[in-house]
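Below: target_8.pdb (PDB, C-alpha atoms and all ligand atoms)
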ATOM      1  CA  MET A  27       4.650 -17.379 -14.197
ATOM      2  CA  LEU A  28       1.212 -15.883 -13.586
ATOM      3  CA  VAL A  29      -0.900 -17.644 -10.945
ATOM      4  CA  TYR A  30      -4.634 -17.591 -11.679
ATOM      5  CA  LYS A  31      -6.780 -18.184  -8.615
ATOM      6  CA  THR A  32     -10.068 -20.036  -8.194
ATOM      7  CA  GLU A  33     -13.053 -18.339  -6.532
ATOM      8  CA  GLU A  34     -12.230 -20.231  -3.316
ATOM      9  CA  GLU A  35      -8.619 -19.056  -3.365
ATOM     10  CA  ILE A  36      -9.682 -15.470  -4.050
ATOM     11  CA  GLU A  37     -12.010 -15.728  -1.057
ATOM     12  CA  LEU A  38      -9.032 -16.616   1.168
ATOM     13  CA  VAL A  39      -7.006 -13.698  -0.199
ATOM     14  CA  ARG A  40     -10.033 -11.477   0.477
ATOM     15  CA  ARG A  41     -10.270 -12.667   4.105
ATOM     16  CA  ASN A  42      -6.617 -11.804   4.611
ATOM     17  CA  ASN A  43      -7.027  -8.373   3.055
ATOM     18  CA  GLN A  44     -10.162  -7.685   5.110
ATOM     19  CA  LEU A  45      -8.185  -8.517   8.233
ATOM     20  CA  VAL A  46      -5.334  -6.217   7.125
ATOM     21  CA  SER A  47      -7.905  -3.472   6.468
ATOM     22  CA  LYS A  48      -9.356  -3.900   9.983
ATOM     23  CA  THR A  49      -5.850  -3.931  11.460
ATOM     24  CA  LEU A  50      -5.114  -0.614   9.750
ATOM     25  CA  ALA A  51      -8.317   0.766  11.302
ATOM     26  CA  GLU A  52      -7.010  -0.271  14.741
ATOM     27  CA  VAL A  53      -3.766   1.515  13.911
ATOM     28  CA  ALA A  54      -5.785   4.556  12.757
ATOM     29  CA  LYS A  55      -7.239   4.872  16.272
ATOM     30  CA  LEU A  56      -3.714   5.356  17.635
ATOM     31  CA  VAL A  57      -2.172   7.656  15.018
ATOM     32  CA  LYS A  58      -1.687  10.986  16.786
ATOM     33  CA  PRO A  59       1.113  13.195  18.079
ATOM     34  CA  GLY A  60       3.028  11.540  20.944
ATOM     35  CA  VAL A  61       2.662   7.936  19.780
ATOM     36  CA  THR A  62       5.697   5.953  18.629
ATOM     37  CA  THR A  63       5.767   3.898  15.443
ATOM     38  CA  LEU A  64       6.600   0.876  17.617
ATOM     39  CA  ASP A  65       3.325   1.446  19.565
ATOM     40  CA  LEU A  66       1.484   1.088  16.241
ATOM     41  CA  ASP A  67       3.436  -2.060  15.397
ATOM     42  CA  ARG A  68       2.650  -3.732  18.749
ATOM     43  CA  ARG A  69      -1.068  -3.053  18.414
ATOM     44  CA  ALA A  70      -1.113  -4.394  14.848
ATOM     45  CA  GLU A  71       0.679  -7.604  15.796
ATOM     46  CA  GLU A  72      -1.665  -8.185  18.736
ATOM     47  CA  PHE A  73      -4.778  -7.587  16.598
ATOM     48  CA  ILE A  74      -3.586  -9.886  13.803
ATOM     49  CA  ARG A  75      -2.788 -12.737  16.213
ATOM     50  CA  ASP A  76      -6.077 -12.248  18.119
ATOM     51  CA  ASN A  77      -7.803 -12.795  14.777
ATOM     52  CA  GLY A  78      -6.075 -16.092  14.044
ATOM     53  CA  ALA A  79      -3.509 -14.918  11.508
ATOM     54  CA  ILE A  80       0.197 -14.235  11.626
ATOM     55  CA  PRO A  81       1.938 -11.015  10.564
ATOM     56  CA  GLY A  82       2.850 -11.387   6.884
ATOM     57  CA  PHE A  83       5.963  -9.195   6.948
ATOM     58  CA  LEU A  84       7.582 -10.446  10.168
ATOM     59  CA  GLY A  85      10.622 -12.477   9.102
ATOM     60  CA  TYR A  86       9.946 -11.915   5.383
ATOM     61  CA  GLY A  87      13.443 -11.607   3.902
ATOM     62  CA  GLY A  88      14.563 -10.986   7.491
ATOM     63  CA  TYR A  89      12.187  -8.029   8.025
ATOM     64  CA  PRO A  90      11.997  -7.427  11.803
ATOM     65  CA  ASN A  91       8.399  -6.179  12.353
ATOM     66  CA  THR A  92       4.678  -6.470  11.602
ATOM     67  CA  LEU A  93       4.275  -3.054   9.983
ATOM     68  CA  CYS A  94       6.292  -0.889   7.673
ATOM     69  CA  THR A  95       5.935   2.651   9.077
ATOM     70  CA  SER A  96       7.338   5.261   6.689
ATOM     71  CA  VAL A  97       7.285   8.856   7.945
ATOM     72  CA  ASN A  98       7.488  12.036   5.799
ATOM     73  CA  ASP A  99      10.380  11.572   3.319
ATOM     74  CA  GLU A 100      10.412   7.813   3.937
ATOM     75  CA  VAL A 101       8.772   6.165   0.937
ATOM     76  CA  VAL A 102       8.352   2.546   2.101
ATOM     77  CA  HIS A 103       9.848  -0.107   4.395
ATOM     78  CA  GLY A 104      10.396   2.203   7.365
ATOM     79  CA  ILE A 105      11.097   0.087  10.456
ATOM     80  CA  PRO A 106       8.972   0.787  13.559
ATOM     81  CA  SER A 107      11.053   2.482  16.248
ATOM     82  CA  LYS A 108      10.966   4.835  19.228
ATOM     83  CA  TYR A 109      10.296   7.715  16.827
ATOM     84  CA  VAL A 110       7.511   9.851  18.315
ATOM     85  CA  LEU A 111       4.944  11.064  15.798
ATOM     86  CA  LYS A 112       4.465  14.818  15.800
ATOM     87  CA  GLU A 113       1.821  17.196  14.485
ATOM     88  CA  GLY A 114       2.268  17.750  10.743
ATOM     89  CA  ASP A 115       3.917  14.396   9.997
ATOM     90  CA  ILE A 116       2.529  11.913   7.508
ATOM     91  CA  ILE A 117       2.959   8.174   7.999
ATOM     92  CA  SER A 118       2.488   5.360   5.507
ATOM     93  CA  VAL A 119       1.480   2.210   7.357
ATOM     94  CA  ASP A 120       1.852  -0.955   5.276
ATOM     95  CA  CYS A 121       0.537  -4.192   6.792
ATOM     96  CA  GLY A 122       0.406  -7.850   5.784
ATOM     97  CA  THR A 123      -1.145 -11.031   7.134
ATOM     98  CA  TYR A 124      -0.771 -14.728   6.429
ATOM     99  CA  MET A 125      -3.658 -17.096   7.134
ATOM    100  CA  ASP A 126      -5.052 -20.259   5.478
ATOM    101  CA  GLY A 127      -2.128 -20.378   3.042
ATOM    102  CA  PHE A 128      -2.567 -16.890   1.581
ATOM    103  CA  TYR A 129      -1.379 -13.326   2.131
ATOM    104  CA  GLY A 130      -2.985  -9.929   2.595
ATOM    105  CA  ASP A 131      -1.108  -6.687   1.832
ATOM    106  CA  THR A 132      -2.566  -3.173   2.120
ATOM    107  CA  ALA A 133      -1.237   0.297   2.974
ATOM    108  CA  TYR A 134      -2.576   3.741   3.898
ATOM    109  CA  THR A 135      -0.881   7.095   4.468
ATOM    110  CA  PHE A 136      -2.244   8.979   7.475
ATOM    111  CA  PRO A 137      -1.884  12.651   8.380
ATOM    112  CA  VAL A 138      -0.740  13.141  12.002
ATOM    113  CA  GLY A 139      -2.882  15.908  13.510
ATOM    114  CA  GLU A 140      -3.143  18.923  11.224
ATOM    115  CA  ILE A 141      -0.906  18.878   8.150
ATOM    116  CA  SER A 142      -0.218  21.535   5.534
ATOM    117  CA  ALA A 143      -2.641  21.904   2.618
ATOM    118  CA  GLU A 144       0.287  21.191   0.316
ATOM    119  CA  VAL A 145       0.994  17.779   1.867
ATOM    120  CA  MET A 146      -2.712  16.974   2.163
ATOM    121  CA  ASN A 147      -2.954  17.423  -1.604
ATOM    122  CA  LEU A 148      -0.130  14.909  -2.095
ATOM    123  CA  LEU A 149      -2.113  12.358  -0.057
ATOM    124  CA  LYS A 150      -5.310  13.064  -1.965
ATOM    125  CA  VAL A 151      -3.706  12.813  -5.396
ATOM    126  CA  THR A 152      -1.818   9.626  -4.460
ATOM    127  CA  LYS A 153      -5.015   7.952  -3.256
ATOM    128  CA  GLU A 154      -6.861   9.104  -6.394
ATOM    129  CA  SER A 155      -4.059   7.747  -8.593
ATOM    130  CA  LEU A 156      -4.504   4.321  -6.967
ATOM    131  CA  PHE A 157      -8.195   4.335  -7.916
ATOM    132  CA  LYS A 158      -7.337   5.452 -11.473
ATOM    133  CA  GLY A 159      -5.081   2.408 -11.663
ATOM    134  CA  ILE A 160      -7.819   0.156 -10.307
ATOM    135  CA  GLU A 161     -10.232   1.385 -13.011
ATOM    136  CA  ASN A 162      -7.795  -0.157 -15.496
ATOM    137  CA  ALA A 163      -7.317  -3.432 -13.614
ATOM    138  CA  ILE A 164      -9.939  -5.259 -15.665
ATOM    139  CA  GLU A 165      -9.952  -8.144 -18.086
ATOM    140  CA  GLY A 166      -8.659  -7.172 -21.517
ATOM    141  CA  LYS A 167      -6.376  -4.354 -20.313
ATOM    142  CA  ARG A 168      -2.615  -4.627 -19.961
ATOM    143  CA  ILE A 169      -0.285  -3.878 -17.050
ATOM    144  CA  GLY A 170       0.889  -0.743 -18.895
ATOM    145  CA  ASP A 171      -2.673   0.638 -18.840
ATOM    146  CA  ILE A 172      -2.678   0.509 -15.036
ATOM    147  CA  GLY A 173       0.704   2.222 -14.724
ATOM    148  CA  TYR A 174      -0.174   4.832 -17.318
ATOM    149  CA  ALA A 175      -3.344   5.794 -15.453
ATOM    150  CA  VAL A 176      -1.513   6.129 -12.127
ATOM    151  CA  GLN A 177       1.369   8.099 -13.650
ATOM    152  CA  PHE A 178      -0.848  10.410 -15.691
ATOM    153  CA  HIS A 179      -2.875  11.415 -12.642
ATOM    154  CA  ALA A 180       0.152  11.950 -10.371
ATOM    155  CA  GLU A 181       2.255  13.849 -12.913
ATOM    156  CA  LYS A 182      -0.667  16.060 -13.966
ATOM    157  CA  ALA A 183      -0.654  17.338 -10.366
ATOM    158  CA  GLY A 184       3.097  18.059 -10.561
ATOM    159  CA  TYR A 185       4.249  15.035  -8.557
ATOM    160  CA  SER A 186       6.677  12.257  -9.478
ATOM    161  CA  VAL A 187       6.368   8.479  -9.548
ATOM    162  CA  VAL A 188       8.869   6.171  -7.818
ATOM    163  CA  ARG A 189      10.135   3.653 -10.393
ATOM    164  CA  GLU A 190      12.271   1.208  -8.434
ATOM    165  CA  MET A 191       9.457  -0.102  -6.254
ATOM    166  CA  VAL A 192       6.345  -1.591  -7.847
ATOM    167  CA  GLY A 193       3.073  -3.381  -7.168
ATOM    168  CA  HIS A 194       2.792  -7.127  -7.653
ATOM    169  CA  GLY A 195       0.660 -10.247  -7.819
ATOM    170  CA  LEU A 196      -0.583 -11.535  -4.449
ATOM    171  CA  GLY A 197      -1.604 -15.010  -3.333
ATOM    172  CA  ALA A 198       0.169 -17.921  -1.676
ATOM    173  CA  ASN A 199       3.245 -15.679  -1.926
ATOM    174  CA  MET A 200       3.354 -12.017  -0.956
ATOM    175  CA  HIS A 201       5.139 -11.060  -4.145
ATOM    176  CA  GLU A 202       4.035 -12.887  -7.289
ATOM    177  CA  SER A 203       4.249 -12.032 -10.971
ATOM    178  CA  PRO A 204       3.479  -9.760 -12.641
ATOM    179  CA  GLU A 205       5.213  -6.622 -11.451
ATOM    180  CA  VAL A 206       2.776  -3.700 -11.482
ATOM    181  CA  PRO A 207       4.731  -0.469 -12.090
ATOM    182  CA  ASN A 208       3.094   2.850 -11.317
ATOM    183  CA  TYR A 209       4.230   4.192 -14.672
ATOM    184  CA  GLY A 210       3.907   2.806 -18.150
ATOM    185  CA  ARG A 211       2.540   2.992 -21.643
ATOM    186  CA  ARG A 212      -0.986   2.190 -22.695
ATOM    187  CA  GLY A 213      -1.409  -1.143 -24.442
ATOM    188  CA  ARG A 214       1.977  -2.482 -23.231
ATOM    189  CA  GLY A 215       2.835  -5.302 -20.870
ATOM    190  CA  VAL A 216       1.039  -8.504 -19.970
ATOM    191  CA  MET A 217      -2.724  -8.851 -20.340
ATOM    192  CA  VAL A 218      -4.690  -8.941 -17.134
ATOM    193  CA  LYS A 219      -7.183 -11.774 -16.921
ATOM    194  CA  LYS A 220      -9.814 -13.030 -14.508
ATOM    195  CA  GLY A 221      -8.249 -14.969 -11.634
ATOM    196  CA  LEU A 222      -5.244 -12.683 -11.207
ATOM    197  CA  VAL A 223      -4.930 -10.842  -7.899
ATOM    198  CA  LEU A 224      -2.836  -7.670  -7.975
ATOM    199  CA  CYS A 225      -1.576  -5.249  -5.361
ATOM    200  CA  ILE A 226      -1.581  -1.759  -6.828
ATOM    201  CA  GLU A 227       0.495   0.581  -4.687
ATOM    202  CA  PRO A 228       1.537   3.976  -6.009
ATOM    203  CA  MET A 229       4.469   5.647  -4.230
ATOM    204  CA  ILE A 230       4.245   9.313  -5.218
ATOM    205  CA  ASN A 231       6.811  11.991  -4.344
ATOM    206  CA  MET A 232       6.291  15.711  -3.870
ATOM    207  CA  GLY A 233       9.703  16.435  -5.436
ATOM    208  CA  SER A 234      12.192  14.255  -7.292
ATOM    209  CA  ARG A 235      11.253  10.657  -8.120
ATOM    210  CA  HIS A 236      14.673   9.441  -7.002
ATOM    211  CA  ILE A 237      15.160   7.441  -3.815
ATOM    212  CA  LYS A 238      17.956   6.141  -1.583
ATOM    213  CA  GLN A 239      18.182   3.359   1.007
ATOM    214  CA  ASP A 240      19.243   3.879   4.619
ATOM    215  CA  ASP A 241      22.074   1.927   6.227
ATOM    216  CA  ASP A 242      19.472  -0.207   8.055
ATOM    217  CA  GLY A 243      19.088  -2.049   4.738
ATOM    218  CA  TRP A 244      15.316  -1.384   4.581
ATOM    219  CA  THR A 245      14.169   2.216   4.822
ATOM    220  CA  ILE A 246      13.655   3.830   1.432
ATOM    221  CA  ARG A 247      13.512   7.639   1.398
ATOM    222  CA  THR A 248      13.371  10.409  -1.180
ATOM    223  CA  ILE A 249      16.738  11.704  -2.323
ATOM    224  CA  ASP A 250      15.640  15.337  -1.827
ATOM    225  CA  GLU A 251      14.018  14.536   1.554
ATOM    226  CA  LYS A 252      10.654  15.904   0.412
ATOM    227  CA  PRO A 253       7.519  13.980   1.443
ATOM    228  CA  SER A 254       6.240  10.827  -0.241
ATOM    229  CA  ALA A 255       2.836   9.117  -0.039
ATOM    230  CA  HIS A 256       1.823   5.463  -0.504
ATOM    231  CA  TYR A 257      -1.566   3.743  -0.733
ATOM    232  CA  GLU A 258      -2.100   0.070  -1.556
ATOM    233  CA  LEU A 259      -5.119  -2.121  -2.253
ATOM    234  CA  ALA A 260      -5.391  -5.735  -3.428
ATOM    235  CA  VAL A 261      -7.776  -6.319  -6.332
ATOM    236  CA  ALA A 262      -9.064  -9.381  -8.156
ATOM    237  CA  ILE A 263      -9.373  -9.051 -11.924
ATOM    238  CA  ASN A 264     -12.816  -9.385 -13.437
ATOM    239  CA  LYS A 265     -14.715  -8.240 -16.507
ATOM    240  CA  GLY A 266     -15.915  -4.632 -16.365
ATOM    241  CA  LYS A 267     -14.882  -3.740 -12.801
ATOM    242  CA  ALA A 268     -12.111  -4.890 -10.483
ATOM    243  CA  GLU A 269     -13.166  -6.537  -7.258
ATOM    244  CA  ILE A 270     -11.350  -4.706  -4.475
ATOM    245  CA  LEU A 271     -10.368  -7.291  -1.843
ATOM    246  CA  SER A 272      -9.088  -4.809   0.758
ATOM    247  CA  THR A 273     -10.884  -1.643   1.810
ATOM    248  CA  PHE A 274     -10.172   1.781   3.283
ATOM    249  CA  ASP A 275     -13.732   1.958   4.698
ATOM    250  CA  TYR A 276     -12.831   0.729   8.207
ATOM    251  CA  ILE A 277      -9.937   3.195   8.371
ATOM    252  CA  GLU A 278     -12.023   6.091   7.146
ATOM    253  CA  GLU A 279     -14.783   5.376   9.666
ATOM    254  CA  VAL A 280     -12.110   6.083  12.269
ATOM    255  CA  THR A 281     -10.461   9.062  10.561
ATOM    256  CA  LYS A 282     -13.767  10.527   9.224
ATOM    257  CA  ASN A 283     -12.224  10.424   5.758
ATOM    258  CA  LYS A 284     -10.309  13.663   5.685
ATOM    259  CA  ILE A 285      -8.322  12.818   2.547
TER     260      ILE A 285
HETATM  261  N1  LIG B 301       4.214  -4.658   1.853
HETATM  262  C1  LIG B 301       5.287  -4.414   0.952
HETATM  263  C2  LIG B 301       4.634  -4.407  -0.385
HETATM  264  O1  LIG B 301       3.630  -3.746  -0.472
HETATM  265  C3  LIG B 301       6.371  -5.400   1.118
HETATM  266  C4  LIG B 301       6.947  -5.375   2.481
HETATM  267  S1  LIG B 301       8.216  -6.468   2.510
HETATM  268  C5  LIG B 301       8.765  -6.421   4.075
HETATM  269  O2  LIG B 301       4.971  -5.040  -1.331
HETATM  270  F1  LIG B 301       9.694  -7.295   4.149
HETATM  271  F2  LIG B 301       9.157  -5.215   4.352
HETATM  272  F3  LIG B 301       7.807  -6.728   4.863
HETATM  273 CO    CO B 302       2.376  -3.534   1.129
HETATM  274 CO    CO B 303       2.533  -4.792  -1.827
END
Structure rendered as structure tokens:
Amino acid sequence: MLVYKTEEEIELVRRNNQLVSKTLAEVAKLVKPGVTTLDLDRRAEEFIRDNGAIPGFLGYGGYPNTLCTSVNDEVVHGIPSKYVLKEGDIISVDCGTYMDGFYGDTAYTFPVGEISAEVMNLLKVTKESLFKGIENAIEGKRIGDIGYAVQFHAEKAGYSVVREMVGHGLGANMHESPEVPNYGRRGRGVMVKKGLVLCIEPMINMGSRHIKQDDDGWTIRTIDEKPSAHYELAVAINKGKAEILSTFDYIEEVTKNKI
């Protein structure tokens, strides 16, 4: 079942995603060698609560934390820990909030200190592929058009697209229909119409597209242990141009937009 939102409901989803975006900017201030992923998680939880929301992931399906912090070959759902970030790492930070009956859900992959040009290109292409998807998240297109655009851009650069994990609708539930794969065929899948809110979140691997899950029951990593990048934005469907409800602007004011 697809849930179409009113303007008022979309406004509440926007407020959540703006708060997630600002939380990620707070996290951005801390991302550097020597910091643990649990330090990032604590700061995010504090900031979310100070702003009158609750962490959207905490307790979701039993998830133990506020953030998902996925380092290097970890694709998504890495659990914050005593792991100390080191120069050359990359870290995907995925964050959610719940406030006024709706969710926010946004993610950004940060370089830690200086990283190799090779890995920086993976980040750049993954972020670009998200925006290629967003260009297709408009009334009259189909879900397959979004996935095709993401996949085409990532594969053209020699990277691979994770299949098992997908984007999704967002609203009063964190995961709503439809699924939004990062691969697909043009003109296939459900039509996107005004009132839908989608999270588009490419997970792009440097090597093989295949993944495995750790024994912790959460952490997803690449099978070949090569790096993976992940960016996520929530968008509301409109005619002509998607309305992006989250933003990377606050983050990139902090990081000076190196990607
Ligand atoms: N934020 C993830 C997504 O983008 C879902 C995290 S689920 C959790 O869909 F349980 F790990 F929080
Ligand atoms: Co997310
Ligand atoms: Co999501």
Taking only C-alpha atoms and all ligand atoms into account, which residues have an atom no farther than 8 Å from ligand CO 302 (chain B)? I'd like them as a PyMOL selection string. chain A and resi 120-122+131-133+225+227+258
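CA of Met229 in chain A to CA of Asp67 in chain A spans 21.1 Å [interatomic distance, one decimal].
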For the structure provided, state which residues fall under the PyMOL selection byres (((not hetatm)) within 10 of (chain B and resi 301)), and present them as a PyMOL selection string. chain A and resi 81-95+102-105+119-123+130-133+191-196+200-202+225-228+244-245+256-260
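The coordinates place CA of Ser118 in chain A at 29.0 Å from CA of Val216 in chain A.
For the choices A:Tyr129, A:Tyr276, A:Tyr209, A:Phe157, the atom-to-atom distance to ligand CO 303 (chain B) is smallest for A:Tyr129 when using all atoms listed in the file.
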Can you tell me which residues surround Lys108 in chain A at a distance of at most 8 Å, considering only C-alpha atoms, apart from same-chain residues fewer than 2 positions away, and format the answer as a PyMOL selection string? chain A and resi 62-64+106+110
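The closest residue to ligand CO 303 (chain B), picked from A:Val53, A:Ala163, A:Ile277, A:Leu224 and counting all atoms listed in the file, is A:Leu224.
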How would you write, as a count of residues only, the residues chosen by the PyMOL selection byres (((chain A and resi 211) around 10) and not hetatm) on this structure? 15
